[in-house]
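For reference, my_file-v9.txt is printed below; it contains compact mmCIF, C-alpha atoms.
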```txt
# COMPACT_ATOMS: atom_id res chain seq x y z
CA MET T 1 4.26 55.72 -37.26
CA ASN T 2 2.69 53.47 -34.65
CA GLU T 3 0.63 54.21 -31.55
CA PHE T 4 3.64 54.65 -29.28
CA ASP T 5 5.40 56.97 -31.73
CA PHE T 6 2.20 59.04 -31.83
CA ILE T 7 2.06 59.29 -28.04
CA ARG T 8 5.77 60.00 -27.68
CA HIS T 9 6.03 62.60 -30.46
CA TYR T 10 2.67 64.37 -30.18
CA LEU T 11 0.99 63.78 -26.82
CA SER T 12 3.85 63.78 -24.32
CA ARG T 13 4.10 67.56 -24.03
CA GLN T 14 4.00 68.43 -20.37
CA GLN T 15 3.64 71.78 -18.70
CA THR T 16 5.06 72.59 -15.30
CA ASP T 17 2.37 71.49 -12.86
CA THR T 18 3.41 70.81 -9.30
CA GLU T 19 0.17 68.91 -8.62
CA VAL T 20 0.95 66.28 -11.31
CA VAL T 21 2.89 63.63 -9.42
CA LEU T 22 2.98 61.23 -12.38
CA GLY T 23 1.88 62.05 -15.92
CA ILE T 24 1.85 60.32 -19.31
CA GLY T 25 3.89 57.16 -19.67
CA ASP T 26 2.71 54.94 -16.83
CA ASP T 27 -0.40 52.81 -16.26
CA ALA T 28 -2.16 55.68 -14.52
CA ALA T 29 -1.61 59.34 -13.76
CA ILE T 30 -1.36 60.73 -10.24
CA VAL T 31 -2.42 64.23 -9.27
CA ARG T 32 -2.34 65.81 -5.84
CA PRO T 33 -5.19 68.32 -5.33
CA ARG T 34 -4.66 71.40 -3.22
CA PRO T 35 -6.00 71.43 0.34
CA GLY T 36 -9.36 73.15 0.70
CA TYR T 37 -10.52 72.42 -2.85
CA ASP T 38 -13.14 70.10 -4.34
CA LEU T 39 -12.45 68.24 -7.59
CA CYS T 40 -14.95 68.36 -10.48
CA PHE T 41 -15.02 65.58 -13.10
CA SER T 42 -16.74 65.58 -16.48
CA SER T 43 -16.50 63.56 -19.68
CA ASP T 44 -17.69 64.24 -23.23
CA MET T 45 -17.57 62.01 -26.30
CA LEU T 46 -17.51 63.39 -29.84
CA LEU T 47 -18.22 61.14 -32.84
CA ALA T 48 -17.79 61.89 -36.54
CA GLY T 49 -21.13 62.30 -38.25
CA ARG T 50 -22.84 62.94 -34.94
CA HIS T 51 -20.94 65.81 -33.33
CA PHE T 52 -18.59 66.88 -36.12
CA PHE T 53 -18.01 66.35 -39.83
CA ALA T 54 -15.22 63.90 -40.67
CA ASP T 55 -13.62 66.44 -43.03
CA VAL T 56 -13.46 69.24 -40.43
CA ALA T 57 -10.07 70.97 -40.16
CA ALA T 58 -7.78 69.32 -37.61
CA GLY T 59 -7.28 72.57 -35.69
CA ASP T 60 -11.02 73.26 -35.49
CA LEU T 61 -11.66 69.74 -34.23
CA ALA T 62 -8.94 69.95 -31.58
CA HIS T 63 -10.32 73.28 -30.39
CA LYS T 64 -13.85 71.93 -30.01
CA VAL T 65 -12.81 68.61 -28.45
CA LEU T 66 -11.23 70.52 -25.58
CA ALA T 67 -13.59 73.51 -25.46
CA VAL T 68 -16.79 71.54 -24.89
CA ASN T 69 -15.20 69.94 -21.85
CA VAL T 70 -13.76 73.20 -20.52
CA SER T 71 -17.28 74.63 -20.82
CA ASP T 72 -18.54 72.04 -18.32
CA MET T 73 -15.98 73.30 -15.82
CA ALA T 74 -17.04 76.89 -16.51
CA ALA T 75 -20.64 75.98 -15.74
CA MET T 76 -19.60 74.72 -12.29
CA GLY T 77 -17.43 77.77 -11.59
CA ALA T 78 -14.39 75.48 -11.57
CA THR T 79 -10.86 76.00 -12.80
CA PRO T 80 -9.98 73.32 -15.39
CA ARG T 81 -6.72 71.60 -14.46
CA TRP T 82 -6.17 68.18 -16.07
CA VAL T 83 -7.52 66.17 -19.00
CA LEU T 84 -7.36 62.61 -20.26
CA LEU T 85 -7.84 62.19 -24.01
CA SER T 86 -8.90 58.95 -25.70
CA ALA T 87 -9.09 58.86 -29.48
CA ALA T 88 -10.00 56.36 -32.17
CA LEU T 89 -8.41 57.35 -35.51
CA PRO T 90 -8.70 55.48 -38.83
CA TYR T 91 -5.04 56.22 -39.66
CA LEU T 92 -2.08 58.24 -38.38
CA ASP T 93 -1.39 61.16 -40.70
CA GLU T 94 1.55 63.20 -39.39
CA ALA T 95 0.50 66.54 -40.92
CA TRP T 96 -3.04 66.14 -39.53
CA LEU T 97 -1.73 65.07 -36.11
CA LYS T 98 0.61 68.05 -35.93
CA ASP T 99 -2.19 70.52 -36.67
CA PHE T 100 -4.51 68.79 -34.19
CA CYS T 101 -1.96 68.60 -31.38
CA ASP T 102 -0.59 72.11 -31.92
CA THR T 103 -4.08 73.55 -31.44
CA LEU T 104 -4.91 71.19 -28.59
CA PHE T 105 -1.84 72.17 -26.60
CA ASP T 106 -2.21 75.86 -27.41
CA GLN T 107 -5.70 75.67 -25.94
CA ALA T 108 -4.54 73.66 -22.96
CA ARG T 109 -1.83 76.21 -22.27
CA ALA T 110 -4.32 79.06 -22.44
CA TYR T 111 -6.49 77.45 -19.76
CA GLY T 112 -3.65 76.12 -17.61
CA ILE T 113 -4.59 72.52 -18.38
CA THR T 114 -2.20 69.55 -18.41
CA LEU T 115 -2.83 66.42 -20.48
CA ILE T 116 -2.10 63.56 -18.07
CA GLY T 117 -3.14 60.44 -19.99
CA GLY T 118 -5.74 58.67 -22.10
CA ASP T 119 -5.78 56.01 -24.80
CA THR T 120 -5.46 55.68 -28.58
CA THR T 121 -6.57 53.02 -31.02
CA ARG T 122 -7.52 52.50 -34.64
CA GLY T 123 -11.18 53.24 -35.30
CA GLU T 124 -13.63 55.62 -36.92
CA TRP T 125 -13.06 59.13 -35.54
CA VAL T 126 -14.11 59.10 -31.90
CA PHE T 127 -12.74 61.46 -29.25
CA ASN T 128 -13.42 61.28 -25.55
CA VAL T 129 -12.07 63.75 -23.02
CA THR T 130 -12.30 63.41 -19.27
CA ILE T 131 -11.62 66.74 -17.60
CA ILE T 132 -10.85 67.45 -13.97
CA GLY T 133 -11.18 70.86 -12.39
CA GLU T 134 -11.06 72.30 -8.92
CA LEU T 135 -12.87 74.94 -6.93
CA PRO T 136 -13.12 76.03 -3.29
CA GLN T 137 -14.85 73.42 -1.16
CA GLY T 138 -18.63 73.64 -1.23
CA ALA T 139 -18.75 76.54 -3.69
CA ALA T 140 -19.80 74.75 -6.90
CA LEU T 141 -22.54 76.17 -9.13
CA CYS T 142 -25.22 73.51 -9.63
CA ARG T 143 -28.50 73.21 -11.53
CA SER T 144 -30.61 72.77 -8.43
CA GLY T 145 -30.45 76.18 -6.74
CA ALA T 146 -32.81 78.36 -8.79
CA GLN T 147 -35.50 80.13 -6.75
CA SER T 148 -38.82 81.69 -7.75
CA GLY T 149 -38.22 85.34 -8.58
CA ASP T 150 -34.62 84.85 -9.70
CA ASP T 151 -33.48 86.52 -12.90
CA ILE T 152 -32.46 84.26 -15.79
CA TRP T 153 -29.24 85.29 -17.53
CA VAL T 154 -27.22 84.04 -20.46
CA SER T 155 -23.73 85.01 -21.62
CA GLY T 156 -22.66 86.01 -25.11
CA TYR T 157 -24.93 85.28 -28.07
CA LEU T 158 -27.30 82.44 -28.93
CA GLY T 159 -28.13 80.79 -32.25
CA ALA T 160 -24.99 81.55 -34.26
CA ALA T 161 -23.49 78.06 -33.98
CA ALA T 162 -26.79 76.48 -34.98
CA ALA T 163 -26.99 78.86 -37.92
CA GLY T 164 -23.47 77.83 -38.96
CA LEU T 165 -24.46 74.16 -38.84
CA ALA T 166 -27.63 74.80 -40.84
CA SER T 167 -25.55 76.66 -43.43
CA ILE T 168 -23.09 73.75 -43.77
CA GLN T 169 -26.03 71.37 -44.17
CA GLY T 170 -27.53 73.55 -46.91
CA LYS T 171 -30.61 74.37 -44.83
CA LEU T 172 -29.89 78.06 -44.46
CA SER T 173 -28.41 80.73 -46.72
CA LEU T 174 -26.54 83.57 -45.02
CA PRO T 175 -24.54 86.58 -46.24
CA ALA T 176 -20.87 85.61 -46.61
CA GLU T 177 -19.51 87.49 -43.59
CA VAL T 178 -22.33 86.30 -41.34
CA ASP T 179 -21.80 82.75 -42.55
CA VAL T 180 -18.10 82.86 -41.64
CA ALA T 181 -18.87 84.26 -38.19
CA CYS T 182 -21.49 81.59 -37.50
CA ARG T 183 -19.28 78.72 -38.67
CA THR T 184 -16.47 80.03 -36.49
CA ARG T 185 -18.78 79.93 -33.46
CA LEU T 186 -19.75 76.37 -34.36
CA HIS T 187 -16.18 75.11 -34.77
CA ARG T 188 -14.44 77.24 -32.15
CA PRO T 189 -16.71 77.93 -29.16
CA GLN T 190 -15.31 80.04 -26.33
CA PRO T 191 -15.88 78.52 -22.86
CA ARG T 192 -16.78 81.12 -20.24
CA VAL T 193 -14.38 79.97 -17.52
CA GLY T 194 -13.68 83.41 -16.07
CA LEU T 195 -17.35 84.31 -15.89
CA GLY T 196 -18.19 81.07 -14.12
CA GLN T 197 -15.54 81.75 -11.52
CA HIS T 198 -16.75 85.31 -10.94
CA LEU T 199 -20.32 84.02 -10.47
CA LEU T 200 -19.38 81.86 -7.50
CA ASN T 201 -21.40 83.12 -4.50
CA VAL T 202 -23.53 85.20 -6.90
CA ALA T 203 -25.49 82.77 -9.12
CA THR T 204 -28.04 80.39 -7.61
CA SER T 205 -27.81 77.86 -10.47
CA ALA T 206 -25.89 77.45 -13.72
CA MET T 207 -25.14 75.19 -16.66
CA ASP T 208 -23.73 75.59 -20.15
CA VAL T 209 -25.91 75.77 -23.25
CA SER T 210 -24.95 72.80 -25.40
CA ASP T 211 -28.24 71.20 -26.52
CA GLY T 212 -30.40 74.30 -26.96
CA LEU T 213 -31.46 77.00 -24.52
CA ALA T 214 -34.99 75.67 -23.96
CA GLN T 215 -33.87 72.11 -23.32
CA ASP T 216 -30.98 73.12 -21.07
CA LEU T 217 -33.09 75.61 -19.11
CA GLY T 218 -35.52 72.74 -18.68
CA HIS T 219 -32.79 70.83 -16.83
CA ILE T 220 -32.45 73.69 -14.35
CA LEU T 221 -36.23 73.86 -13.92
CA GLN T 222 -36.44 70.15 -13.25
CA ALA T 223 -33.50 70.09 -10.84
CA SER T 224 -34.77 73.16 -8.97
CA ALA T 225 -38.50 72.29 -9.11
CA VAL T 226 -39.37 75.71 -10.54
CA GLY T 227 -40.72 77.21 -13.78
CA ALA T 228 -39.55 80.00 -16.08
CA ARG T 229 -40.86 82.85 -18.20
CA VAL T 230 -38.51 83.87 -21.02
CA GLU T 231 -38.93 86.90 -23.29
CA ALA T 232 -37.97 85.90 -26.83
CA ALA T 233 -37.07 89.48 -27.79
CA LEU T 234 -34.41 89.56 -25.06
CA LEU T 235 -32.48 86.54 -26.36
CA PRO T 236 -29.06 87.89 -27.43
CA ALA T 237 -27.95 87.36 -31.04
CA LEU T 238 -25.10 88.49 -33.25
CA PRO T 239 -26.40 91.80 -34.69
CA ASP T 240 -25.63 90.76 -38.29
CA LEU T 241 -27.42 87.42 -37.79
CA ARG T 242 -30.45 89.20 -36.36
CA ARG T 243 -30.58 91.41 -39.45
CA ALA T 244 -30.22 88.41 -41.77
CA LEU T 245 -33.04 86.26 -40.38
CA ALA T 246 -36.74 86.58 -39.71
CA ASP T 247 -37.59 86.62 -36.01
CA GLU T 248 -39.25 83.21 -35.93
CA ARG T 249 -36.30 81.47 -37.61
CA LEU T 250 -33.83 83.22 -35.33
CA PHE T 251 -35.83 82.38 -32.19
CA SER T 252 -35.96 78.74 -33.24
CA LEU T 253 -32.18 78.62 -33.63
CA GLN T 254 -31.67 80.37 -30.32
CA LEU T 255 -34.07 78.18 -28.36
CA ALA T 256 -33.38 74.78 -29.88
CA GLY T 257 -30.18 75.02 -31.91
CA GLY T 258 -27.48 74.19 -29.37
CA ASP T 259 -23.68 74.24 -29.65
CA ASP T 260 -23.49 77.74 -28.15
CA TYR T 261 -21.49 76.77 -25.04
CA GLU T 262 -22.59 79.96 -23.34
CA LEU T 263 -23.41 80.08 -19.62
CA LEU T 264 -27.05 79.97 -18.58
CA PHE T 265 -27.56 80.97 -14.96
CA THR T 266 -29.97 82.37 -12.41
CA ALA T 267 -29.41 84.95 -9.70
CA PRO T 268 -31.57 86.94 -7.26
CA GLN T 269 -32.90 90.25 -8.54
CA GLN T 270 -30.97 92.08 -5.84
CA ALA T 271 -27.74 90.60 -7.26
CA ARG T 272 -28.03 92.33 -10.65
CA GLU T 273 -25.15 94.70 -9.98
CA HIS T 274 -22.99 91.77 -8.84
CA VAL T 275 -23.82 89.90 -12.05
CA LEU T 276 -22.90 92.91 -14.16
CA ALA T 277 -19.68 93.32 -12.18
CA ALA T 278 -18.85 89.65 -12.87
CA SER T 279 -19.56 90.27 -16.56
CA ARG T 280 -17.19 93.23 -16.65
CA ALA T 281 -14.48 91.40 -14.72
CA ALA T 282 -14.64 88.42 -17.11
CA GLY T 283 -14.95 90.58 -20.23
CA VAL T 284 -18.04 88.63 -21.31
CA PRO T 285 -21.41 90.27 -22.07
CA VAL T 286 -24.49 88.92 -20.29
CA SER T 287 -28.20 89.37 -21.00
CA ARG T 288 -31.15 89.08 -18.65
CA ILE T 289 -33.75 87.06 -20.58
CA GLY T 290 -36.50 86.28 -18.08
CA ARG T 291 -37.31 85.15 -14.58
CA ILE T 292 -37.89 82.02 -12.57
CA THR T 293 -41.51 81.29 -11.55
CA ASP T 294 -43.07 78.92 -9.06
CA ASN T 295 -44.92 77.02 -11.83
CA SER T 296 -42.77 73.90 -11.51
CA GLY T 297 -41.50 72.44 -14.76
CA CYS T 298 -43.29 74.99 -16.98
CA LEU T 299 -41.26 77.00 -19.50
CA GLU T 300 -43.20 79.87 -21.06
CA VAL T 301 -41.70 81.86 -23.95
CA VAL T 302 -43.47 85.14 -24.72
CA ASP T 303 -43.19 87.87 -27.33
CA GLY T 304 -42.97 91.61 -26.72
CA ASN T 305 -46.72 91.78 -26.06
CA GLY T 306 -46.59 89.07 -23.44
CA ASP T 307 -48.27 86.52 -25.73
CA SER T 308 -46.98 82.96 -25.77
CA VAL T 309 -44.79 82.15 -28.75
CA TYR T 310 -45.22 78.71 -30.30
CA LEU T 311 -41.88 77.36 -31.43
CA ASN T 312 -40.20 73.99 -31.59
CA HIS T 313 -38.38 73.98 -28.27
CA LYS T 314 -36.93 70.51 -28.66
CA GLY T 315 -33.13 70.60 -28.50
CA PHE T 316 -30.47 68.08 -29.45
CA ASP T 317 -31.35 64.46 -28.69
CA HIS T 318 -28.23 62.34 -28.18
CA PHE T 319 -30.15 59.21 -29.18
CA GLY T 320 -32.35 60.88 -31.79
```
With the file now loaded, output its structure as structure tokens.
Amino acid sequence: MNEFDFIRHYLSRQQTDTEVVLGIGDDAAIVRPRPGYDLCFSSDMLLAGRHFFADVAAGDLAHKVLAVNVSDMAAMGATPRWVLLSAALPYLDEAWLKDFCDTLFDQARAYGITLIGGDTTRGEWVFNVTIIGELPQGAALCRSGAQSGDDIWVSGYLGAAAAGLASIQGKLSLPAEVDVACRTRLHRPQPRVGLGQHLLNVATSAMDVSDGLAQDLGHILQASAVGARVEAALLPALPDLRRALADERLFSLQLAGGDDYELLFTAPQQAREHVLAASRAAGVPVSRIGRITDNSGCLEVVDGNGDSVYLNHKGFDHFG
């Protein structure tokens, strides 16, 4: 099998999409956005040994390659529409490619996404996805809108993916069922697209948690020129993981672990019922974990007594 066989047999699966004027097979794709909508663009690169293990199952890898990009659209409140996939593979193994592409296109179908192009070459396990989404003009959720007094919210649970990674690396021992659950959250994150869409006109700022809650919240604080006070005891965790770990270890995973791909967002206190309604409509639990302060750039994490908690807040460093 050569590159063109690979593209023809595995990547040229098109869905019906009236906005795709020209898809895979030409020098460039052409899409025609709907009137009254803005386009959102994002790109993520995943490298073996840096973002995933080279021996990860093909289906798990395909899921994550797409999911981390879909999560960026969720954080903007956008609907993901089209992706371009570029991949460097050391060899073309048909069984591996089938598993990878079956999962990739199952995921794409679930989100209404069409693969419209990309590139392939021989190399050492690199995947890059450029994703394009759309949302009503001027409605995007950004990092720069948080206001003093806003509530800080997060969806789902924090720390499980980091616990799964630590388990794989031999740095953490977990009960068998908890270990499986945590590894699943590491390999197969669930982007919160529906929640992001329901938070349009409700949230004042948002982003997804990819590099650790503390670090990612810091991006919102910097962009919005505000501070934050977070209550460690309010950080949501899988119940079984909470029972398996001491508080300090769990808090460290939740604050600095990363790979959660949950939504972190702020909203006015008077919007609490709207936030909870968005949570119910999306079928995604949310937790209120703190509030925005006017102490610009300062993130304070406190325990149940209001005392500051010293933890390593440093998240994932892409050049570390």
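Using all atoms listed in the file, the nearest neighbour of Tyr261 (chain T) within the list T:Leu61, T:Val193, T:Val301, T:Ile131 is T:Val193.
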- Message: Residues within 12 Å of Thr184 (chain T), please, as JSON, numbers by chain. Count all atoms listed in the file; anything in the same chain fewer than 4 positions from it doesn't count.
- Response: {"T": [56, 57, 59, 60, 61, 63, 64, 160, 161, 162, 163, 164, 165, 167, 168, 177, 178, 179, 180, 188, 189, 190, 259, 260]}
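Atom pair CA of His51 (chain T) / CA of Leu186 (chain T) has a distance of 10.7 Å (rounded to one decimal).
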Could you make a table, as JSON lines, of the residues of region 141-233 of chain T that have an atom within 12 Å of an atom of region 73-79 of chain T, each with its nearest atom pair and distance in Å to one decimal, counting all atoms listed in the file, in chain and number order?
```
{"residue": "T:Leu141", "atom": "CA", "partner": "T:Met76", "partner_atom": "CA", "distance": 4.6}
{"residue": "T:Cys142", "atom": "CA", "partner": "T:Met76", "partner_atom": "CA", "distance": 6.3}
{"residue": "T:Arg143", "atom": "CA", "partner": "T:Met76", "partner_atom": "CA", "distance": 9.1}
{"residue": "T:Ser144", "atom": "CA", "partner": "T:Met76", "partner_atom": "CA", "distance": 11.8}
{"residue": "T:Val154", "atom": "CA", "partner": "T:Ala75", "partner_atom": "CA", "distance": 11.4}
{"residue": "T:Ser155", "atom": "CA", "partner": "T:Ala75", "partner_atom": "CA", "distance": 11.2}
{"residue": "T:Gln190", "atom": "CA", "partner": "T:Ala74", "partner_atom": "CA", "distance": 10.5}
{"residue": "T:Pro191", "atom": "CA", "partner": "T:Ala74", "partner_atom": "CA", "distance": 6.7}
{"residue": "T:Arg192", "atom": "CA", "partner": "T:Ala74", "partner_atom": "CA", "distance": 5.6}
{"residue": "T:Val193", "atom": "CA", "partner": "T:Ala74", "partner_atom": "CA", "distance": 4.2}
{"residue": "T:Gly194", "atom": "CA", "partner": "T:Ala74", "partner_atom": "CA", "distance": 7.3}
{"residue": "T:Leu195", "atom": "CA", "partner": "T:Ala74", "partner_atom": "CA", "distance": 7.5}
{"residue": "T:Gly196", "atom": "CA", "partner": "T:Gly77", "partner_atom": "CA", "distance": 4.2}
{"residue": "T:Gln197", "atom": "CA", "partner": "T:Gly77", "partner_atom": "CA", "distance": 4.4}
{"residue": "T:His198", "atom": "CA", "partner": "T:Gly77", "partner_atom": "CA", "distance": 7.6}
{"residue": "T:Leu199", "atom": "CA", "partner": "T:Gly77", "partner_atom": "CA", "distance": 7.0}
{"residue": "T:Leu200", "atom": "CA", "partner": "T:Gly77", "partner_atom": "CA", "distance": 6.1}
{"residue": "T:Asn201", "atom": "CA", "partner": "T:Gly77", "partner_atom": "CA", "distance": 9.7}
{"residue": "T:Val202", "atom": "CA", "partner": "T:Gly77", "partner_atom": "CA", "distance": 10.7}
{"residue": "T:Ala203", "atom": "CA", "partner": "T:Gly77", "partner_atom": "CA", "distance": 9.8}
{"residue": "T:Thr204", "atom": "CA", "partner": "T:Met76", "partner_atom": "CA", "distance": 11.2}
{"residue": "T:Ser205", "atom": "CA", "partner": "T:Met76", "partner_atom": "CA", "distance": 9.0}
{"residue": "T:Ala206", "atom": "CA", "partner": "T:Ala75", "partner_atom": "CA", "distance": 5.8}
{"residue": "T:Met207", "atom": "CA", "partner": "T:Ala75", "partner_atom": "CA", "distance": 4.7}
{"residue": "T:Asp208", "atom": "CA", "partner": "T:Ala75", "partner_atom": "CA", "distance": 5.4}
{"residue": "T:Val209", "atom": "CA", "partner": "T:Ala75", "partner_atom": "CA", "distance": 9.2}
{"residue": "T:Ser210", "atom": "CA", "partner": "T:Ala75", "partner_atom": "CA", "distance": 11.0}
{"residue": "T:Asp216", "atom": "CA", "partner": "T:Ala75", "partner_atom": "CA", "distance": 12.0}
```
- Task: Give me the residues within 9 Å of Val65 (chain T) as a PyMOL selection string, counting only C-alpha atoms and dropping any in the same chain fewer than 5 places off.
- Result: chain T and resi 44-46+60+104+127-129
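A straight line drawn from CA of Gly257 (chain T) to CA of Cys182 (chain T) is 12.2 Å long.
Across the model, the gap from CA of Arg183 (chain T) to CA of Arg243 (chain T) is 17.0 Å.
Using only C-alpha atoms, the smallest distance between any of T:Leu47, T:Ala277, T:Leu158, T:Ala62 and Val126 (chain T) comes from T:Leu47.
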Region 231-237 of chain T: which residues within 6 Å, counting only C-alpha atoms, same-chain residues fewer than 6 positions away excluded, as a compact mmCIF listing (two decimals) with C-alpha atoms, keeping the file's coordinate frame?
```
# COMPACT_ATOMS: atom_id res chain seq x y z
CA TYR T 157 -24.93 85.28 -28.07
CA LEU T 158 -27.30 82.44 -28.93
CA ILE T 289 -33.75 87.06 -20.58
CA GLY T 290 -36.50 86.28 -18.08
CA VAL T 301 -41.70 81.86 -23.95
CA VAL T 302 -43.47 85.14 -24.72
CA ASP T 303 -43.19 87.87 -27.33
```
- Message: With all atoms listed in the file as the counted atoms, please give the residues lying no more than 12 Å from Ala246 (chain T), apart from itself and same-chain residues fewer than 6 positions off, as a ChimeraX atom specification.
- Response: /T:172,174,240,252-253
- Neighbours of Gly138 (chain T) within 10 Å (all atoms listed in the file; same-chain residues fewer than 5 positions away dropped), as JSON, numbers by chain? {"T": [36, 37, 38]}
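Counting all atoms listed in the file, the residue from T:Gly159, T:Arg109, T:Arg229, T:Phe53 that sits nearest to Ala181 (chain T) is T:Gly159.
Selection around (0.3, 59.6, -8.7) with radius 12 Å, counting all atoms listed in the file, yields the residues Thr18, Glu19, Val20, Val21, Leu22, Gly23, Ile24, Gly25, Asp26, Asp27, Ala28, Ala29, Ile30, Val31, Arg32, Pro33, Ile116 and Gly117 of chain T.
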- Message: Considering all atoms listed in the file, can you say which of T:Phe100, T:Trp125, T:Trp153, T:Phe41 comes closest to Val230 (chain T)?
- Response: T:Trp153
- Note on the structure: Using all atoms listed in the file, the shortest atom-to-atom distance to Arg272 (chain T) among T:Leu89, T:Leu39, T:Cys298, T:Ile152 belongs to T:Ile152
- Query: Counting only C-alpha atoms, which of T:Pro175, T:Gly118, T:Gly49, T:Gly297 gets nearest to Ala214 (chain T)?
  - Reply: T:Gly297
